[in-house]
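Asker: What follows is entry-v1.txt; its format and atoms are compact mmCIF, C-alpha atoms and all ligand atoms.
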# COMPACT_ATOMS: atom_id res chain seq x y z
CA MET W 29 -25.51 74.20 -231.34
CA LYS W 30 -22.19 72.58 -232.22
CA LEU W 31 -22.66 69.59 -234.52
CA GLU W 32 -20.09 67.00 -235.59
CA LEU W 33 -21.09 64.17 -237.89
CA ILE W 34 -18.87 61.10 -237.67
CA SER W 35 -19.04 59.37 -241.01
CA PHE W 36 -17.47 56.91 -243.41
CA LYS W 37 -17.06 58.06 -247.01
CA LEU W 38 -18.86 55.06 -248.51
CA CYS W 39 -21.68 54.90 -245.94
CA PRO W 40 -25.15 55.37 -247.47
CA PHE W 41 -26.71 55.92 -244.03
CA ALA W 42 -24.30 58.77 -243.26
CA GLN W 43 -24.94 60.24 -246.71
CA ARG W 44 -28.60 60.72 -245.77
CA ALA W 45 -27.55 62.87 -242.80
CA VAL W 46 -25.20 64.95 -244.96
CA ILE W 47 -27.99 65.61 -247.49
CA LEU W 48 -30.36 66.68 -244.72
CA LEU W 49 -27.82 68.96 -243.02
CA ASN W 50 -26.95 70.66 -246.31
CA GLU W 51 -30.55 70.89 -247.52
CA GLN W 52 -31.55 72.51 -244.22
CA GLY W 53 -28.54 74.84 -244.30
CA ILE W 54 -27.13 73.69 -240.97
CA ASP W 55 -23.42 74.14 -240.19
CA PHE W 56 -21.61 71.01 -239.10
CA GLU W 57 -18.18 69.50 -238.90
CA LEU W 58 -17.58 66.26 -240.80
CA THR W 59 -15.14 63.68 -239.45
CA TYR W 60 -14.38 60.51 -241.39
CA ILE W 61 -13.40 57.24 -239.79
CA ASN W 62 -13.23 53.67 -241.02
CA PRO W 63 -15.80 51.76 -238.93
CA MET W 64 -14.03 48.50 -239.83
CA ASP W 65 -10.91 49.83 -238.06
CA PRO W 66 -12.25 52.49 -235.71
CA PRO W 67 -10.07 54.78 -233.61
CA ASP W 68 -10.23 54.37 -229.82
CA TRP W 69 -12.02 57.71 -229.31
CA PHE W 70 -14.84 56.46 -231.57
CA LYS W 71 -15.11 53.13 -229.74
CA ALA W 72 -15.39 55.06 -226.50
CA ILE W 73 -18.37 57.17 -227.63
CA SER W 74 -20.24 54.87 -230.03
CA PRO W 75 -22.85 52.53 -228.51
CA THR W 76 -23.10 50.41 -231.69
CA GLY W 77 -19.70 50.80 -233.33
CA GLN W 78 -21.51 52.09 -236.39
CA VAL W 79 -21.58 55.34 -238.30
CA PRO W 80 -23.23 57.75 -238.68
CA LEU W 81 -22.91 59.25 -235.25
CA LEU W 82 -23.87 62.84 -234.52
CA LYS W 83 -22.33 64.78 -231.67
CA ALA W 84 -24.71 67.59 -230.70
CA ASN W 85 -22.80 69.72 -228.18
CA ASP W 86 -21.67 66.86 -225.92
CA GLN W 87 -24.55 64.48 -226.55
CA ILE W 88 -24.28 61.44 -228.82
CA ILE W 89 -27.08 60.72 -231.27
CA PHE W 90 -26.92 57.47 -233.23
CA GLU W 91 -29.01 55.55 -235.82
CA SER W 92 -29.36 57.43 -239.10
CA SER W 93 -33.17 57.66 -238.99
CA VAL W 94 -32.98 59.29 -235.55
CA ILE W 95 -30.18 61.59 -236.69
CA THR W 96 -32.15 62.76 -239.73
CA GLU W 97 -35.29 63.37 -237.66
CA PHE W 98 -33.17 65.33 -235.15
CA ILE W 99 -31.72 67.44 -237.96
CA ASN W 100 -35.27 68.21 -239.07
CA ASP W 101 -36.27 69.05 -235.48
CA ILE W 102 -33.55 71.71 -235.22
CA SER W 103 -34.28 73.14 -238.68
CA THR W 104 -36.28 76.27 -239.36
CA THR W 105 -38.24 74.50 -242.11
CA ASP W 106 -39.93 71.11 -241.87
CA ILE W 107 -38.71 68.76 -244.59
CA HIS W 108 -41.59 66.32 -244.08
CA PRO W 109 -45.02 66.76 -245.68
CA LYS W 110 -47.44 68.60 -243.36
CA ASP W 111 -50.23 66.02 -243.47
CA VAL W 112 -49.68 63.62 -240.57
CA ILE W 113 -50.89 60.54 -242.44
CA GLN W 114 -48.69 61.34 -245.42
CA LYS W 115 -45.77 61.95 -243.03
CA ALA W 116 -46.30 58.60 -241.32
CA ASN W 117 -46.58 56.93 -244.72
CA ASN W 118 -43.27 58.53 -245.78
CA ARG W 119 -41.62 57.30 -242.59
CA SER W 120 -42.88 53.78 -243.30
CA TRP W 121 -41.24 53.82 -246.74
CA ILE W 122 -38.05 55.26 -245.24
CA ALA W 123 -37.92 52.30 -242.82
CA PHE W 124 -38.63 49.98 -245.76
CA SER W 125 -35.69 51.47 -247.68
CA GLY W 126 -33.27 50.46 -244.91
CA ASP W 127 -33.73 46.81 -245.91
CA MET W 128 -32.98 47.77 -249.52
CA LEU W 129 -29.52 48.87 -248.40
CA GLY W 130 -29.11 45.41 -246.86
CA ASP W 131 -30.00 43.82 -250.21
CA MET W 132 -27.50 46.10 -251.93
CA PHE W 133 -24.76 45.09 -249.55
CA ASP W 134 -25.37 41.43 -250.49
CA ILE W 135 -25.43 42.37 -254.18
CA VAL W 136 -22.00 43.99 -253.87
CA THR W 137 -20.41 41.31 -251.71
CA GLY W 138 -22.22 38.04 -252.45
CA ASP W 139 -21.38 35.06 -254.62
CA GLU W 140 -23.66 34.34 -257.59
CA GLU W 141 -26.35 32.65 -255.50
CA LYS W 142 -26.41 35.40 -252.88
CA PHE W 143 -26.32 38.05 -255.61
CA ASN W 144 -29.35 36.55 -257.36
CA THR W 145 -31.30 36.18 -254.10
CA ALA W 146 -30.52 39.77 -253.09
CA LYS W 147 -31.32 41.12 -256.56
CA LYS W 148 -34.69 39.36 -256.47
CA ALA W 149 -35.39 40.77 -253.01
CA LEU W 150 -34.34 44.28 -254.05
CA PHE W 151 -36.40 44.22 -257.24
CA GLY W 152 -39.43 42.94 -255.29
CA LYS W 153 -39.12 46.01 -253.06
CA LEU W 154 -38.59 48.34 -256.02
CA ALA W 155 -41.77 46.94 -257.61
CA LYS W 156 -43.70 47.70 -254.42
CA ILE W 157 -42.46 51.29 -254.43
CA GLU W 158 -43.25 51.65 -258.14
CA SER W 159 -46.82 50.58 -257.35
CA VAL W 160 -47.27 53.55 -254.99
CA LYS W 161 -45.18 56.13 -256.86
CA ASP W 162 -46.88 58.45 -259.32
CA SER W 163 -45.35 60.59 -262.06
CA LYS W 164 -44.71 63.61 -259.79
CA THR W 165 -41.09 64.80 -259.62
CA PHE W 166 -40.39 63.74 -256.05
CA PHE W 167 -42.12 61.22 -253.80
CA ASN W 168 -44.75 63.68 -252.57
CA GLY W 169 -44.83 66.13 -255.45
CA ASP W 170 -42.66 69.13 -256.35
CA GLU W 171 -40.90 69.46 -252.98
CA PHE W 172 -37.78 67.56 -251.98
CA ASN W 173 -38.66 65.84 -248.69
CA MET W 174 -36.90 63.57 -246.21
CA ILE W 175 -38.06 60.49 -248.07
CA ASP W 176 -36.27 61.71 -251.22
CA ALA W 177 -33.08 62.19 -249.20
CA ALA W 178 -33.46 58.67 -247.80
CA PHE W 179 -33.64 57.12 -251.27
CA ALA W 180 -30.82 59.23 -252.76
CA PRO W 181 -27.93 56.96 -251.63
CA ILE W 182 -29.79 53.91 -253.00
CA PHE W 183 -30.41 55.51 -256.39
CA MET W 184 -26.84 56.84 -256.55
CA ARG W 185 -25.36 53.37 -255.98
CA LEU W 186 -27.79 51.72 -258.39
CA SER W 187 -26.86 54.21 -261.09
CA TRP W 188 -23.14 53.62 -260.48
CA ILE W 189 -23.59 49.85 -260.67
CA ASN W 190 -25.53 50.22 -263.93
CA GLU W 191 -22.79 52.44 -265.30
CA PHE W 192 -20.04 49.97 -264.29
CA THR W 193 -21.86 46.92 -265.66
CA ASN W 194 -24.10 46.22 -268.59
CA ASN W 195 -27.06 47.64 -266.62
CA ALA W 196 -27.02 44.72 -264.18
CA LEU W 197 -29.63 46.46 -262.01
CA SER W 198 -31.54 48.43 -264.64
CA LEU W 199 -34.58 50.33 -263.37
CA ALA W 200 -36.05 50.59 -266.89
CA GLU W 201 -39.07 48.42 -266.00
CA PHE W 202 -39.98 50.92 -263.26
CA LYS W 203 -41.05 54.05 -265.15
CA ASN W 204 -42.02 56.32 -262.25
CA LEU W 205 -39.19 55.13 -260.06
CA SER W 206 -36.63 55.79 -262.83
CA ALA W 207 -37.91 59.35 -263.30
CA TRP W 208 -37.85 59.86 -259.52
CA SER W 209 -34.26 58.60 -259.38
CA ASP W 210 -33.21 60.95 -262.21
CA ALA W 211 -34.81 63.94 -260.45
CA ILE W 212 -33.07 63.16 -257.16
CA LEU W 213 -29.65 62.49 -258.70
CA ALA W 214 -29.78 65.78 -260.64
CA LEU W 215 -29.87 67.85 -257.44
CA ASP W 216 -26.69 69.61 -256.29
CA VAL W 217 -27.47 68.79 -252.66
CA VAL W 218 -27.36 65.11 -253.60
CA LYS W 219 -24.33 65.35 -255.93
CA ASN W 220 -22.41 67.25 -253.22
CA SER W 221 -23.28 64.80 -250.46
CA VAL W 222 -20.34 62.54 -251.28
CA VAL W 223 -16.63 63.28 -251.63
CA ASP W 224 -15.19 63.83 -255.12
CA GLY W 225 -14.18 60.55 -256.71
CA LEU W 226 -16.39 58.34 -254.53
CA GLU W 227 -17.66 56.62 -257.68
CA ASP W 228 -14.12 55.31 -258.29
CA VAL W 229 -13.84 54.19 -254.68
CA TYR W 230 -17.16 52.36 -255.04
CA TYR W 231 -15.90 50.66 -258.21
CA SER W 232 -12.74 49.55 -256.38
CA ASN W 233 -14.86 48.37 -253.46
CA ILE W 234 -16.90 46.15 -255.81
CA GLU W 235 -13.69 44.82 -257.36
CA GLY W 236 -12.09 44.24 -253.97
CA ARG W 237 -15.09 42.32 -252.63
CA GLU W 238 -14.60 39.74 -255.40
CA GLY W 239 -18.28 38.84 -255.36
CA HIS W 240 -20.40 37.95 -258.38
CA LEU W 241 -20.93 41.65 -259.17
CA SER W 242 -17.18 42.09 -259.71
CA THR W 243 -17.41 39.61 -262.60
CA LEU W 244 -20.01 41.83 -264.28
CA LEU W 245 -17.85 44.98 -264.33
CA VAL W 246 -17.25 46.19 -267.88
CA GLU W 247 -15.26 49.39 -267.41
CA GLU W 248 -11.54 49.11 -266.73
CA ASP W 249 -10.60 52.73 -266.16
CA TYR W 250 -12.11 53.60 -262.79
N1 LIG V 301 -28.93 51.06 -238.61
C1 LIG V 301 -27.74 51.85 -238.75
C2 LIG V 301 -26.86 51.22 -239.81
C3 LIG V 301 -25.54 51.96 -239.97
C4 LIG V 301 -24.48 51.09 -240.64
O1 LIG V 301 -24.72 49.94 -241.07
N2 LIG V 301 -23.27 51.65 -240.75
C5 LIG V 301 -22.15 50.90 -241.30
C6 LIG V 301 -21.39 51.74 -242.32
S1 LIG V 301 -22.39 52.14 -243.71
C7 LIG V 301 -21.18 50.59 -240.18
O2 LIG V 301 -20.89 51.45 -239.37
N3 LIG V 301 -20.65 49.37 -240.17
C8 LIG V 301 -19.69 48.93 -239.22
C9 LIG V 301 -20.23 47.89 -238.31
O3 LIG V 301 -21.40 47.48 -238.47
O4 LIG V 301 -19.49 47.45 -237.43
C10 LIG V 301 -28.10 53.30 -239.11
O5 LIG V 301 -29.11 53.48 -239.83
O6 LIG V 301 -27.42 54.23 -238.68
Represent the structure contained in this file as structure tokens.
Answerer:
Amino acid sequence: MKLELISFKLCPFAQRAVILLNEQGIDFELTYINPMDPPDWFKAISPTGQVPLLKANDQIIFESSVITEFINDISTTDIHPKDVIQKANNRSWIAFSGDMLGDMFDIVTGDEEKFNTAKKALFGKLAKIESVKDSKTFFNGDEFNMIDAAFAPIFMRLSWINEFTNNALSLAEFKNLSAWSDAILALDVVKNSVVDGLEDVYYSNIEGREGHLSTLLVEEDY
């Protein structure tokens, strides 16, 4: 099957698909566009105007959660836990994590009031996850599953923000979540899921947005 993933370098939703494709050892072509200024060919094939978009032979698959499930469907190994209740529970938390990316967008772009509201909302969600997470390496235990891939872009961006600021979004109060984040971010499949230098681009993106978060940046040399 010929696969082409249409992506945007900074997109956390597209990053999930890249992690899954690489973890499952599936060959694919990666094409970057800027969804804020999309080329005509993209407008013609995208129902939502959003990335990620997966072209499988000539069919268009959109919505990152559908794309990642499709990638798992065509894989030789199942990246979900076997138990159907545990699998459904994982999918629930994956859906929950989508709203966390919305909070993070407001954190990066918002003025002080919006930043504080979004931070409160994000930390409320993190506390809920901490309450169900145990001390095992990954969400379900020793194996890296789809839910871990779904949280990777969130943890990567939180760690960058903490590095760029005086730990503005520190996870220290969430012991199990912090250890989970460290385990995920240490994996090559996660490190290699973004282009080299994306951290600098993310820093510039925060600066360029001129929101409250940009006033908290402490490093000058990104
Ligand atoms: N629900 C979508 C969200 C994807 C999304 O928000 N993509 C952003 C880039 S990270 C985008 O394409 N934004 C352009 C737009 O909304 O017009 C998914 O999970 O695939």
Asker: Using all atoms listed in the file, determine which residues lie at most 12 Å from Lys219 of chain W, disregarding the query and same-chain residues fewer than 2 positions distant; provide the list as number ranges by chain.
Answerer: W: 43-44, 46-47, 50-51, 177, 180-181, 183-184, 210-217, 221-227
Asker: Within 6 Å of ligand LIG 301 (chain V), which residues show up when you count only C-alpha atoms and all ligand atoms? List them as an MDAnalysis selection string, please.
Answerer: chainID W and resid 39:41 63:64 77:80 91:93
Asker: Taking (-21.7, 50.4, -262.7) in the coordinates of the supplied file, I want to know which residues reach to within 12 Å of it, counting only C-alpha atoms; could you give the answer as a PyMOL selection string?
Answerer: chain W and resi 136+183-198+227-235+241-250
Asker: Keeping C-alpha atoms for every residue in the selection just given, could you write it to a file as a compact mmCIF listing (two decimals), keeping the file's coordinate frame?
Answerer:
# COMPACT_ATOMS: atom_id res chain seq x y z
CA VAL W 136 -22.00 43.99 -253.87
CA PHE W 183 -30.41 55.51 -256.39
CA MET W 184 -26.84 56.84 -256.55
CA ARG W 185 -25.36 53.37 -255.98
CA LEU W 186 -27.79 51.72 -258.39
CA SER W 187 -26.86 54.21 -261.09
CA TRP W 188 -23.14 53.62 -260.48
CA ILE W 189 -23.59 49.85 -260.67
CA ASN W 190 -25.53 50.22 -263.93
CA GLU W 191 -22.79 52.44 -265.30
CA PHE W 192 -20.04 49.97 -264.29
CA THR W 193 -21.86 46.92 -265.66
CA ASN W 194 -24.10 46.22 -268.59
CA ASN W 195 -27.06 47.64 -266.62
CA ALA W 196 -27.02 44.72 -264.18
CA LEU W 197 -29.63 46.46 -262.01
CA SER W 198 -31.54 48.43 -264.64
CA GLU W 227 -17.66 56.62 -257.68
CA ASP W 228 -14.12 55.31 -258.29
CA VAL W 229 -13.84 54.19 -254.68
CA TYR W 230 -17.16 52.36 -255.04
CA TYR W 231 -15.90 50.66 -258.21
CA SER W 232 -12.74 49.55 -256.38
CA ASN W 233 -14.86 48.37 -253.46
CA ILE W 234 -16.90 46.15 -255.81
CA GLU W 235 -13.69 44.82 -257.36
CA LEU W 241 -20.93 41.65 -259.17
CA SER W 242 -17.18 42.09 -259.71
CA THR W 243 -17.41 39.61 -262.60
CA LEU W 244 -20.01 41.83 -264.28
CA LEU W 245 -17.85 44.98 -264.33
CA VAL W 246 -17.25 46.19 -267.88
CA GLU W 247 -15.26 49.39 -267.41
CA GLU W 248 -11.54 49.11 -266.73
CA ASP W 249 -10.60 52.73 -266.16
CA TYR W 250 -12.11 53.60 -262.79
Asker: Quick one: of W:Lys161, W:Lys83, W:Lys37, W:Lys156, who's nearest to Asp176 of chain W, counting all atoms listed in the file?
Answerer: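 That would be W:Lys161, the residue with the smallest distance to Asp176 of chain W.
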Asker: Between W:Ala116, W:Ile122, W:Leu33, W:Leu49, which is the closest to Asp101 of chain W once you count all atoms listed in the file?
Answerer: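 For Asp101 of chain W, the nearest of the given residues is W:Leu49.
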Asker: When you draw a straight line from atom CA of Thr76 of chain W to atom CA of Ile88 of chain W, how long is it in Å?
Answerer: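 Between atom CA of Thr76 of chain W and atom CA of Ile88 of chain W the gap works out to 11.5 Å.
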Asker: Here is a test: counting all atoms listed in the file, which residue of W:Ser206, W:Ser35, W:Asn168, W:Gln52 is nearest to Trp121 of chain W?
Answerer: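 Distance minimum relative to Trp121 of chain W lands on W:Asn168.
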Asker: Quick one: everything within 12 Å of His108 of chain W, counting only C-alpha atoms, minus sequence neighbours fewer than 4 positions away in the same chain. Send it as a PyMOL selection string.
Answerer: chain W and resi 48+52+96-97+99-101+103+112-119+122+167-169+171-178
Asker: From the options W:Leu150, W:Val160, W:Phe98, W:Thr137, which residue's atoms come nearest to His240 of chain W, counting only C-alpha atoms?
Answerer: W:Thr137
